[in-house]
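Since the structure comes first, as structure tokens, the remarks are kept for the end.
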Amino acid sequence: IKRKEKFFTFKEAGKEIRIQTDTILYVKSSGNYIELVTEHKNYTIRKKIGEFIDLMPDPLEYIRVHRSYIIRIDKVAEKNSKEVTINDEKIPVSNSYVAELNKLIF
């Protein structure tokens with residue numbers, strides 16, 4: 001049995017790009033742009049971070065941990081009240097998102 005693959009489609013530099021959502025590690029906000037960090041490559045997209053989860057076909061797979069970061073839940077290797085680790089990268093956790101992060105069970 002193979003689970004149904006889900007894709008996120010967006011435009012970057014005039015090209016339409018389709019990536020599997022299970023390769024996304026996290027999203028980092030920079031004003032009106034987001035940096036989509038995947039297992040293979042990073043993409044810069046003109047979107048606000050608040051719009052990202054609404055566009056995803058699997059929104060329950062993501063959690064916001066900071067005003068500038070959204071992470072994919074199944075990619076978390078370590079977590080505490082100050083930061084989460086994904087692929088050896090430390091991502092900060094804001095105090096206002098700690099309660100939501102604590103709901104995450106390994």
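Every chain in the structure tokens has a letter given in the order shown (A, B, ...), and although residue numbers restart at 1 in each chain, ligands are simply numbered from 1 in the order shown.
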
Filtered DSSP result for range 5-67 of chain A, state strand (DSSP E or B), as a VMD selection string: chain A and resid 7 to 12 15 to 20 24 to 30 33 to 38 42 to 45 62 to 66

Can you check which parts of range 26-102 of chain A lie within 9 Å of range 4-8 of chain A? Per residue, the shortest pair of atoms and distance in Å to one decimal, counting only C-alpha atoms, sorted by chain and number, as a Markdown table.
```
| residue | atom | partner | partner_atom | distance |
| --- | --- | --- | --- | --- |
| A:Leu55 | CA | A:Phe8 | CA | 7.9 |
| A:Met56 | CA | A:Phe8 | CA | 6.4 |
| A:Pro57 | CA | A:Lys6 | CA | 6.5 |
| A:Asp58 | CA | A:Lys6 | CA | 7.5 |
```

Dump N, CA, C and O atoms for the selected residues as a short mmCIF file (atom, residue, chain, number, x, y, z; two decimals), in the first residue's frame?
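As a result, result_34.cif now contains:
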```cif
data_model
loop_
_atom_site.label_atom_id
_atom_site.label_comp_id
_atom_site.auth_asym_id
_atom_site.auth_seq_id
_atom_site.Cartn_x
_atom_site.Cartn_y
_atom_site.Cartn_z
N LEU A 55 -2.59 27.12 1.82
CA LEU A 55 -2.35 26.63 0.46
C LEU A 55 -1.94 25.16 0.40
O LEU A 55 -1.93 24.57 -0.66
N MET A 56 -1.58 24.59 1.54
CA MET A 56 -1.06 23.23 1.56
C MET A 56 -2.19 22.19 1.48
O MET A 56 -3.23 22.37 2.10
N PRO A 57 -1.97 21.10 0.74
CA PRO A 57 -2.98 20.04 0.67
C PRO A 57 -3.03 19.21 1.96
O PRO A 57 -3.99 18.50 2.18
N ASP A 58 -2.01 19.30 2.81
CA ASP A 58 -1.96 18.56 4.08
C ASP A 58 -1.62 19.52 5.23
O ASP A 58 -0.56 19.40 5.85
#
```

All residues 12 Å or closer to Thr21 in chain A, only C-alpha atoms, same chain fewer than 2 positions away omitted, as a ChimeraX atom specification: /A:4-10,18-19,23-27,36-39,52-53,55-62,71-75

Contact residues around Arg64 in chain A with only C-alpha atoms at 12 Å, ignoring same-chain residues under 5 positions, as a PyMOL selection string: chain A and resi 26-29+49-53+59+69-73+84+91-101+104

Next, write the just-selected residues to a file, as a short mmCIF file (atom, residue, chain, number, x, y, z; two decimals), in the first residue's frame, keeping N, CA and C atoms as the atom set.
```
data_model
loop_
_atom_site.label_atom_id
_atom_site.label_comp_id
_atom_site.auth_asym_id
_atom_site.auth_seq_id
_atom_site.Cartn_x
_atom_site.Cartn_y
_atom_site.Cartn_z
N TYR A 26 10.98 23.00 6.52
CA TYR A 26 10.39 24.14 7.22
C TYR A 26 10.27 25.33 6.27
N VAL A 27 9.57 26.35 6.74
CA VAL A 27 9.37 27.58 5.98
C VAL A 27 9.84 28.74 6.84
N LYS A 28 10.62 29.63 6.24
CA LYS A 28 11.12 30.80 6.96
C LYS A 28 10.61 32.06 6.25
N SER A 29 10.09 32.98 7.04
CA SER A 29 9.52 34.21 6.49
C SER A 29 10.56 35.32 6.43
N ILE A 49 3.82 34.39 5.16
CA ILE A 49 3.88 33.12 5.89
C ILE A 49 2.49 32.68 6.36
N GLY A 50 1.61 33.62 6.66
CA GLY A 50 0.27 33.28 7.10
C GLY A 50 -0.56 32.58 6.03
N GLU A 51 -0.24 32.80 4.77
CA GLU A 51 -0.97 32.18 3.66
C GLU A 51 -0.50 30.76 3.36
N PHE A 52 0.69 30.41 3.83
CA PHE A 52 1.32 29.14 3.45
C PHE A 52 0.48 27.92 3.84
N ILE A 53 0.08 27.82 5.11
CA ILE A 53 -0.65 26.63 5.57
C ILE A 53 -1.99 26.49 4.84
N PRO A 59 -2.50 20.47 5.55
CA PRO A 59 -2.18 21.51 6.54
C PRO A 59 -1.94 20.99 7.96
N TYR A 69 8.60 31.27 11.41
CA TYR A 69 8.88 29.87 11.05
C TYR A 69 7.65 28.99 11.15
N ILE A 70 7.48 28.14 10.16
CA ILE A 70 6.52 27.04 10.18
C ILE A 70 7.34 25.78 9.92
N ILE A 71 7.12 24.74 10.71
CA ILE A 71 7.88 23.50 10.54
C ILE A 71 6.96 22.36 10.14
N ARG A 72 7.54 21.36 9.52
CA ARG A 72 6.80 20.13 9.23
C ARG A 72 6.98 19.21 10.43
N ILE A 73 5.90 18.77 11.02
CA ILE A 73 5.91 18.04 12.27
C ILE A 73 6.75 16.77 12.20
N VAL A 84 13.61 23.95 18.13
CA VAL A 84 13.44 22.61 17.57
C VAL A 84 14.60 22.38 16.60
N ILE A 91 15.90 25.83 15.02
CA ILE A 91 14.86 26.78 14.68
C ILE A 91 14.27 27.31 15.98
N PRO A 92 14.25 28.64 16.16
CA PRO A 92 13.76 29.20 17.42
C PRO A 92 12.26 28.99 17.62
N VAL A 93 11.88 28.91 18.90
CA VAL A 93 10.47 28.77 19.27
C VAL A 93 10.10 29.99 20.12
N SER A 94 9.04 30.68 19.73
CA SER A 94 8.56 31.84 20.50
C SER A 94 7.74 31.36 21.69
N ASN A 95 7.75 32.15 22.76
CA ASN A 95 6.97 31.81 23.95
C ASN A 95 5.49 31.63 23.64
N SER A 96 4.96 32.41 22.71
CA SER A 96 3.54 32.33 22.39
C SER A 96 3.17 31.04 21.65
N TYR A 97 4.15 30.30 21.13
CA TYR A 97 3.88 29.06 20.41
C TYR A 97 4.30 27.81 21.17
N VAL A 98 4.84 27.96 22.38
CA VAL A 98 5.33 26.81 23.16
C VAL A 98 4.19 25.84 23.49
N ALA A 99 3.02 26.36 23.87
CA ALA A 99 1.88 25.50 24.21
C ALA A 99 1.49 24.61 23.03
N GLU A 100 1.49 25.18 21.84
CA GLU A 100 1.16 24.41 20.63
C GLU A 100 2.22 23.36 20.36
N LEU A 101 3.48 23.70 20.56
CA LEU A 101 4.58 22.77 20.35
C LEU A 101 4.53 21.61 21.35
N LEU A 104 2.83 18.42 20.48
CA LEU A 104 3.53 17.52 19.55
C LEU A 104 4.14 16.36 20.34
#
```

Distance of CA of Gly14 in chain A from CA of Ile63 in chain A, expressed in Å to one decimal place: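 So the two atoms, CA of Ile63 in chain A and CA of Gly14 in chain A, lie 29.1 Å apart.
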
Point-to-point distance in Å for CA of Lys11 in chain A and CA of Glu35 in chain A: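 Between these atoms lies a distance of 12.9 Å.
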